[in-house]
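Everything below concerns the one structure shown next.
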Amino acid sequence: METNIQGCEAVLAKWLQDSFSAAFPGAADFSAVRALPATDPRFGDFQCNDAMGMAKILHRPPRAIAEAALAALPRPSFVEKAEIAGPGFINITVSPEWTASLVREAVSSPSLGIPACGAGKTVVMDYSSPNAAKQMHIGHIRSTVIGNALDRIFRALGYRVIADNHLGDWGTQFGILIKGYRECLDDAQRASPTVADLEKAYVDSSTRAKTDESWKNACRAELVKLQQGDPENRALWKKFIDISIAEFTRIYDLLGVKFDLWHGESYYNDRLPKVIEELRRAGLAEESEGALVVRFEEEKMPLAIVRKSDGGYNYTTTDIACAEVRTEEFAPERIVYVTDDRQQLHFKQFFAICAKLGLKTKLVHVPFGLMSYQGKAISTREGNLIKLDELLAEAERRALAVIRGENAQGEPSPAEKALARKIGFGAVKYADLSHDPATAIDFNWDKALALEGNSGPYLQYAHARVRSMLDRYSALPDALPDAAAGALPAVSSPAEKALALRILQFPAAVLRAAETGKPSALAEYLFGLSQLYSTFYQSSPVLKSEPAVRDARIALCAAFGRILAKGLDLLGIEAPERI
RNA sequence: GGGGUUGUAGCUCAACUGGACAGAGCGACGGUUUCCUAAACCGUAGGUUCCGGGUUCGAUUCCCGGCAGCCCCA
């Protein structure tokens, strides 16, 4: 089990563990004893709740246990106060000097205190994965944004990350599409089709196939030709994929998302017969009504079809092949799949099969609630499909309106537009990332594009304010050359101390996000951090204070600025210097 | 029918994996700009954490049984 304890909490945990061990040598396992951030500043800075749980094991009242532990060792210098409260809480107040020096130390390293627990390990991130020849819409935001945040977080933890966009680039839809491309588009569209054209060709062809039997058969014939390697269909297919990738890349560039690989489903085609062979040899697959299936009696799951009666393969088969190939190519410690939660059963089955086949790689599914719009699943059929392009354009437009104010005149400058993008896109991303992935989201323009309160722009604004102050500071004649590394950060007032302690929790928040697969843990941390900064900012003059106070406060501000900038970066949200 | 998931303030969501008085944002009401960026800050009102049991010092959190929504699989 990985430890989640870092920095100050690790030091406190060691002291507490030693104290318990000294008080009750050999009486119990104290390795889980630790200090948590205090739930209320009135209790102190940290609290230890473990004495209460030990009452049974040690056969003593919890307060007596806590007392004995605290009396067992001399109090270390970094602990200013440690007292017992309520049923047996140990409330700990740490020394200001220690807190300040830890803050300065944490922000002086490039990692900002994030542990390199992934060093030497590889993780494959499978996210976004749209279907080729279809336009991206708001339903694609979640996998893309959540996946990319986890991608960035794992990299920050020292992992080698292979971000792989597992495109939906194979299957029956390509027969329909090829037929549609040939018959439903005009010459100009065929000459240089856009993804929108391809989508139209598919929709028209698919509609016709529902009523026209010969059309349907023609589509099937095109599919068979493609599967058999017919050069013409193969070239068309390749063309569709290239066009799709170019279009997706354009949108990913806007979002700051970058993939290392684009190995779509088709990449694993050649491997599928081998997978079937492995399943057979392992005694996992059996014939049933012409199809080949895997049963899960022990797991009490429904069966999974790995080869249909017509000889076609299912996702399960492709995914097994994919996991095997990734394991062979990259030897990852784990593969993380970010998809909507409708696929939970599929992943459970597929993971179970991989385990039975002896695949060593840890497979992790990060499921998220499906996005809906006006209470309905997003689909062309429902007519509620908002394209990602539209969303991003609207986000930019709304941010621009706020930047330029009520009575703006003339065309916006390029700088204004660029800023509007950062803010608008930041709002879109944060609206998603700030929710627990498990939460289903019903898309709402105002919520997706919120610019105030618990929103992306709130964080960006806090960042711009602190950057601005740091710039002003560095222009002063008697400024220290490096604000963050200069004076010890201020921790004397309650607002300062609360901010400093929160800064120290950054690595824990990053780890929590990685371990739980929830970037929302980091987003929530950053929002709370920024709130503490805003409170501090409001009540504590920095540049106008006398030099000693000023330098201490600016050091705290610089530390905050670095943490916030890094945190936003891990979420994939840009942090403009000025707003 | 079987399985998954969610249920917390008027609305949208948190609650660091069992801790002290359940917290934020929006909305409502009131206040703060000759002062480092008001996209901000401060305050007030707002709760049977779906219901009923259980586990224990302690439950929004874990277990059992219901109810409701969404989803998946025959």
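Residue numbering restarts at 1 in every chain; chains get A, B, ... in the order shown in the structure tokens, and ligands count up from 1 in that same order.
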Extract, using only C-alpha atoms (C1' of nucleotides), all DNA, RNA and protein residues at most 12 Å from U33 of chain B, discarding same-chain residues fewer than 6 positions from it, and format them as number ranges by chain.
A: 538; B: 40-41
N, CA and C atoms (P, O5', C5', C4', C3', O3' and C1' of nucleotides) of the current selection, written as a PDB file, in the first residue's frame:
```pdb
ATOM      1  N   GLN A 538      -7.371  40.560   1.411  1.00  0.00           N
ATOM      2  CA  GLN A 538      -8.313  41.589   1.806  1.00  0.00           C
ATOM      3  C   GLN A 538      -7.889  42.264   3.108  1.00  0.00           C
TER       4      GLN A 538
ATOM      5  P     A B  40     -15.728  36.880  -7.899  1.00  0.00           P
ATOM      6  O5'   A B  40     -14.711  37.624  -6.911  1.00  0.00           O
ATOM      7  C5'   A B  40     -13.398  37.111  -6.729  1.00  0.00           C
ATOM      8  C4'   A B  40     -12.694  37.952  -5.700  1.00  0.00           C
ATOM      9  C3'   A B  40     -13.321  37.926  -4.310  1.00  0.00           C
ATOM     10  O3'   A B  40     -12.899  36.805  -3.582  1.00  0.00           O
ATOM     11  C1'   A B  40     -12.934  40.165  -4.945  1.00  0.00           C
ATOM     12  P     C B  41     -13.805  36.151  -2.496  1.00  0.00           P
ATOM     13  O5'   C B  41     -13.746  37.238  -1.340  1.00  0.00           O
ATOM     14  C5'   C B  41     -12.537  37.500  -0.669  1.00  0.00           C
ATOM     15  C4'   C B  41     -12.732  38.624   0.301  1.00  0.00           C
ATOM     16  C3'   C B  41     -13.800  38.388   1.355  1.00  0.00           C
ATOM     17  O3'   C B  41     -13.315  37.599   2.418  1.00  0.00           O
ATOM     18  C1'   C B  41     -14.087  40.536   0.424  1.00  0.00           C
TER      19        C B  41
END
```
Kindly assemble as JSON lines a list of the chain A residues that lie within 7 Å of chain B, each paired with its nearest atom pair and their distance in Å to one decimal, using only C-alpha atoms (C1' of nucleotides), sorted first by chain and then by ascending residue number.
```
{"residue": "A:Pro302", "atom": "CA", "partner": "B:C73", "partner_atom": "C1'", "distance": 6.6}
{"residue": "A:Arg342", "atom": "CA", "partner": "B:C72", "partner_atom": "C1'", "distance": 5.9}
{"residue": "A:Leu345", "atom": "CA", "partner": "B:C72", "partner_atom": "C1'", "distance": 6.9}
{"residue": "A:Leu451", "atom": "CA", "partner": "B:A39", "partner_atom": "C1'", "distance": 6.3}
{"residue": "A:Glu452", "atom": "CA", "partner": "B:A39", "partner_atom": "C1'", "distance": 5.6}
{"residue": "A:Gly453", "atom": "CA", "partner": "B:G25", "partner_atom": "C1'", "distance": 5.5}
{"residue": "A:Asn454", "atom": "CA", "partner": "B:G25", "partner_atom": "C1'", "distance": 5.1}
{"residue": "A:Pro457", "atom": "CA", "partner": "B:A39", "partner_atom": "C1'", "distance": 6.6}
{"residue": "A:Tyr458", "atom": "CA", "partner": "B:A39", "partner_atom": "C1'", "distance": 6.3}
{"residue": "A:Tyr461", "atom": "CA", "partner": "B:A39", "partner_atom": "C1'", "distance": 6.6}
{"residue": "A:Arg465", "atom": "CA", "partner": "B:U37", "partner_atom": "C1'", "distance": 5.8}
{"residue": "A:Met469", "atom": "CA", "partner": "B:C36", "partner_atom": "C1'", "distance": 5.9}
{"residue": "A:Thr535", "atom": "CA", "partner": "B:C41", "partner_atom": "C1'", "distance": 6.7}
{"residue": "A:Gln538", "atom": "CA", "partner": "B:C41", "partner_atom": "C1'", "distance": 6.0}
{"residue": "A:Pro541", "atom": "CA", "partner": "B:C36", "partner_atom": "C1'", "distance": 6.9}
{"residue": "A:Val542", "atom": "CA", "partner": "B:C36", "partner_atom": "C1'", "distance": 6.5}
{"residue": "A:Leu543", "atom": "CA", "partner": "B:C36", "partner_atom": "C1'", "distance": 5.8}
```
List the neighbours of Ala282 of chain A out to 10 Å using only C-alpha atoms (C1' of nucleotides); skip same-chain residues closer than 6 positions along the sequence, and give me the result as an MDAnalysis selection string.
chainID A and resid 276 356:358
Separation of atom CA of Leu392 of chain A from atom CA of Ile146 of chain A in Å
16.9 Å
What's the 8 Å shell around Ser434 of chain A, counting only C-alpha atoms (C1' of nucleotides), without same-chain residues fewer than 6 positions away, as a count of residues only?
5
What parts of segment 320-444 of chain A does DSSP call alpha helix (DSSP H)? I'd like the answer as a VMD selection string.
chain A and resid 320 to 330 344 to 356 388 to 404 414 to 433
Using only C-alpha atoms (C1' of nucleotides), which protein or nucleic acid residues come within 12 Å of Gly171 of chain A? Drop anything in the same chain fewer than 4 positions from it, and give the result as a JSON list (two decimals) with N, CA and C atoms, in the first residue's frame.
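Listing of part14.json after writing:
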```
[["chain", "number", "residue", "atom", "x", "y", "z"],
["A", 131, "ASN", "N", -15.12, 8.85, -31.71],
["A", 131, "ASN", "CA", -15.28, 8.06, -32.92],
["A", 131, "ASN", "C", -14.83, 8.87, -34.12],
["A", 132, "ALA", "N", -14.09, 8.24, -35.01],
["A", 132, "ALA", "CA", -13.65, 8.90, -36.22],
["A", 132, "ALA", "C", -14.87, 9.28, -37.07],
["A", 167, "LEU", "N", -8.95, 5.80, -30.66],
["A", 167, "LEU", "CA", -10.03, 6.21, -31.57],
["A", 167, "LEU", "C", -10.97, 5.05, -31.92],
["A", 175, "GLY", "N", -18.77, 0.78, -43.27],
["A", 175, "GLY", "CA", -19.49, 0.36, -44.47],
["A", 175, "GLY", "C", -20.54, 1.39, -44.84],
["A", 176, "ILE", "N", -21.27, 1.80, -43.82],
["A", 176, "ILE", "CA", -22.32, 2.81, -44.02],
["A", 176, "ILE", "C", -21.70, 4.12, -44.50],
["A", 177, "LEU", "N", -20.59, 4.48, -43.91],
["A", 177, "LEU", "CA", -19.94, 5.74, -44.25],
["A", 177, "LEU", "C", -19.40, 5.75, -45.68],
["A", 178, "ILE", "N", -18.78, 4.65, -46.08],
["A", 178, "ILE", "CA", -18.21, 4.60, -47.43],
["A", 178, "ILE", "C", -19.33, 4.71, -48.47],
["A", 219, "CYS", "N", -24.14, -1.34, -48.12],
["A", 219, "CYS", "CA", -23.28, -0.88, -47.01],
["A", 219, "CYS", "C", -22.48, -2.06, -46.46],
["A", 220, "ARG", "N", -23.17, -3.17, -46.30],
["A", 220, "ARG", "CA", -22.52, -4.35, -45.75],
["A", 220, "ARG", "C", -21.42, -4.84, -46.70],
["A", 222, "GLU", "N", -19.71, -2.99, -48.73],
["A", 222, "GLU", "CA", -18.56, -2.08, -48.62],
["A", 222, "GLU", "C", -17.73, -2.43, -47.39],
["A", 223, "LEU", "N", -18.42, -2.78, -46.34],
["A", 223, "LEU", "CA", -17.71, -3.14, -45.11],
["A", 223, "LEU", "C", -16.85, -4.39, -45.32],
["A", 224, "VAL", "N", -17.45, -5.37, -45.98],
["A", 224, "VAL", "CA", -16.71, -6.61, -46.23],
["A", 224, "VAL", "C", -15.48, -6.34, -47.07],
["A", 226, "LEU", "N", -13.83, -3.59, -47.26],
["A", 226, "LEU", "CA", -12.86, -2.90, -46.40],
["A", 226, "LEU", "C", -12.12, -3.91, -45.52],
["A", 227, "GLN", "N", -12.89, -4.81, -44.92],
["A", 227, "GLN", "CA", -12.29, -5.79, -44.02],
["A", 227, "GLN", "C", -11.34, -6.72, -44.75],
["A", 237, "TRP", "N", -10.99, 4.72, -46.23],
["A", 237, "TRP", "CA", -10.98, 4.61, -44.76],
["A", 237, "TRP", "C", -9.83, 5.42, -44.17],
["A", 264, "GLY", "N", -5.87, 3.60, -32.67],
["A", 264, "GLY", "CA", -7.30, 3.32, -32.63],
["A", 264, "GLY", "C", -7.58, 1.83, -32.56],
["A", 265, "GLU", "N", -8.83, 1.49, -32.57],
["A", 265, "GLU", "CA", -9.22, 0.08, -32.48],
["A", 265, "GLU", "C", -8.60, -0.75, -33.61],
["A", 266, "SER", "N", -8.50, -0.15, -34.79],
["A", 266, "SER", "CA", -8.02, -0.88, -35.95],
["A", 266, "SER", "C", -6.59, -1.39, -35.76],
["A", 269, "ASN", "N", -6.40, -5.05, -34.91],
["A", 269, "ASN", "CA", -7.14, -6.04, -35.71],
["A", 269, "ASN", "C", -6.38, -7.36, -35.87],
["A", 312, "GLY", "N", -17.52, -11.63, -36.39],
["A", 312, "GLY", "CA", -17.01, -10.32, -35.96],
["A", 312, "GLY", "C", -16.59, -10.35, -34.49],
["A", 313, "TYR", "N", -15.71, -9.42, -34.15],
["A", 313, "TYR", "CA", -15.22, -9.37, -32.77],
["A", 313, "TYR", "C", -15.90, -8.25, -32.01],
["A", 314, "ASN", "N", -15.88, -8.37, -30.68],
["A", 314, "ASN", "CA", -16.47, -7.33, -29.85],
["A", 314, "ASN", "C", -15.40, -6.46, -29.20],
["A", 315, "TYR", "N", -15.87, -5.42, -28.52],
["A", 315, "TYR", "CA", -14.95, -4.52, -27.82],
["A", 315, "TYR", "C", -14.08, -5.27, -26.83],
["A", 318, "THR", "N", -11.09, -6.66, -28.59],
["A", 318, "THR", "CA", -10.17, -5.59, -28.96],
["A", 318, "THR", "C", -9.44, -5.05, -27.74]]
```
Quick one: pull the distance between atom CA of Ser31 of chain A and atom C1' of C63 of chain B, Å, one decimal.
26.8 Å
Which residue, A:Gln374, A:Ser474, A:Thr99, A:Gln460, has the smallest gap to Ile554 of chain A when you use only C-alpha atoms?
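Closest candidate: A:Ser474.
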Find the residues near Ala509 of chain A: any atom within 8 Å, counting only C-alpha atoms (C1' of nucleotides), skip ones fewer than 2 places away on the same chain, and give them as a list in words.
Gln505, Phe506, Pro507, Leu511, Arg512, Ala513, Ala521, Leu522 and Tyr525 of chain A; C16 of chain B
With C-alpha atoms (C1' of nucleotides) retained, could you export that selection as an mmCIF file, in the first residue's frame?
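So the final result, stored in out34.cif, reads:
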```
data_model
loop_
_atom_site.group_PDB
_atom_site.id
_atom_site.type_symbol
_atom_site.label_atom_id
_atom_site.label_comp_id
_atom_site.auth_asym_id
_atom_site.auth_seq_id
_atom_site.Cartn_x
_atom_site.Cartn_y
_atom_site.Cartn_z
ATOM 1 C CA GLN A 505 -1.149 20.315 1.894
ATOM 2 C CA PHE A 506 -0.550 20.659 -1.845
ATOM 3 C CA PRO A 507 1.382 17.395 -2.365
ATOM 4 C CA LEU A 511 -1.578 12.397 -4.490
ATOM 5 C CA ARG A 512 -5.203 12.111 -3.518
ATOM 6 C CA ALA A 513 -6.272 13.128 -7.006
ATOM 7 C CA ALA A 521 -9.753 16.589 -5.217
ATOM 8 C CA LEU A 522 -7.094 18.935 -6.572
ATOM 9 C CA TYR A 525 -7.986 22.074 -2.799
ATOM 10 C "C1'" C B 16 -9.145 14.883 2.882
#
```
Just how far from atom CA of Gly86 of chain A is atom CA of Gln47 of chain A, in Å to one decimal?
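Between atom CA of Gln47 of chain A and atom CA of Gly86 of chain A the gap is 12.0 Å.
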If you count only C-alpha atoms (C1' of nucleotides), which residues fall within 10 Å of Thr316 of chain A, apart from same-chain ones fewer than 3 positions away, as a count of residues only?
15
What residues in segment 127-283 of chain A get the DSSP label strand (DSSP E)? Please answer as a short mmCIF file (atom, residue, chain, number, x, y, z; two decimals) with N, CA and C atoms, in the first residue's frame.
```cif
data_model
loop_
_atom_site.label_atom_id
_atom_site.label_comp_id
_atom_site.auth_asym_id
_atom_site.auth_seq_id
_atom_site.Cartn_x
_atom_site.Cartn_y
_atom_site.Cartn_z
N ARG A 160 6.39 7.99 -16.25
CA ARG A 160 6.39 8.15 -17.70
C ARG A 160 4.96 7.87 -18.13
N VAL A 161 4.35 8.83 -18.80
CA VAL A 161 2.96 8.67 -19.20
C VAL A 161 2.87 8.53 -20.71
N ILE A 162 2.18 7.48 -21.15
CA ILE A 162 1.87 7.32 -22.56
C ILE A 162 0.39 7.65 -22.72
N ALA A 163 0.11 8.81 -23.28
CA ALA A 163 -1.29 9.20 -23.50
C ALA A 163 -1.71 8.67 -24.87
N ASP A 164 -2.68 7.78 -24.85
CA ASP A 164 -3.06 7.09 -26.08
C ASP A 164 -4.53 7.36 -26.39
#
```
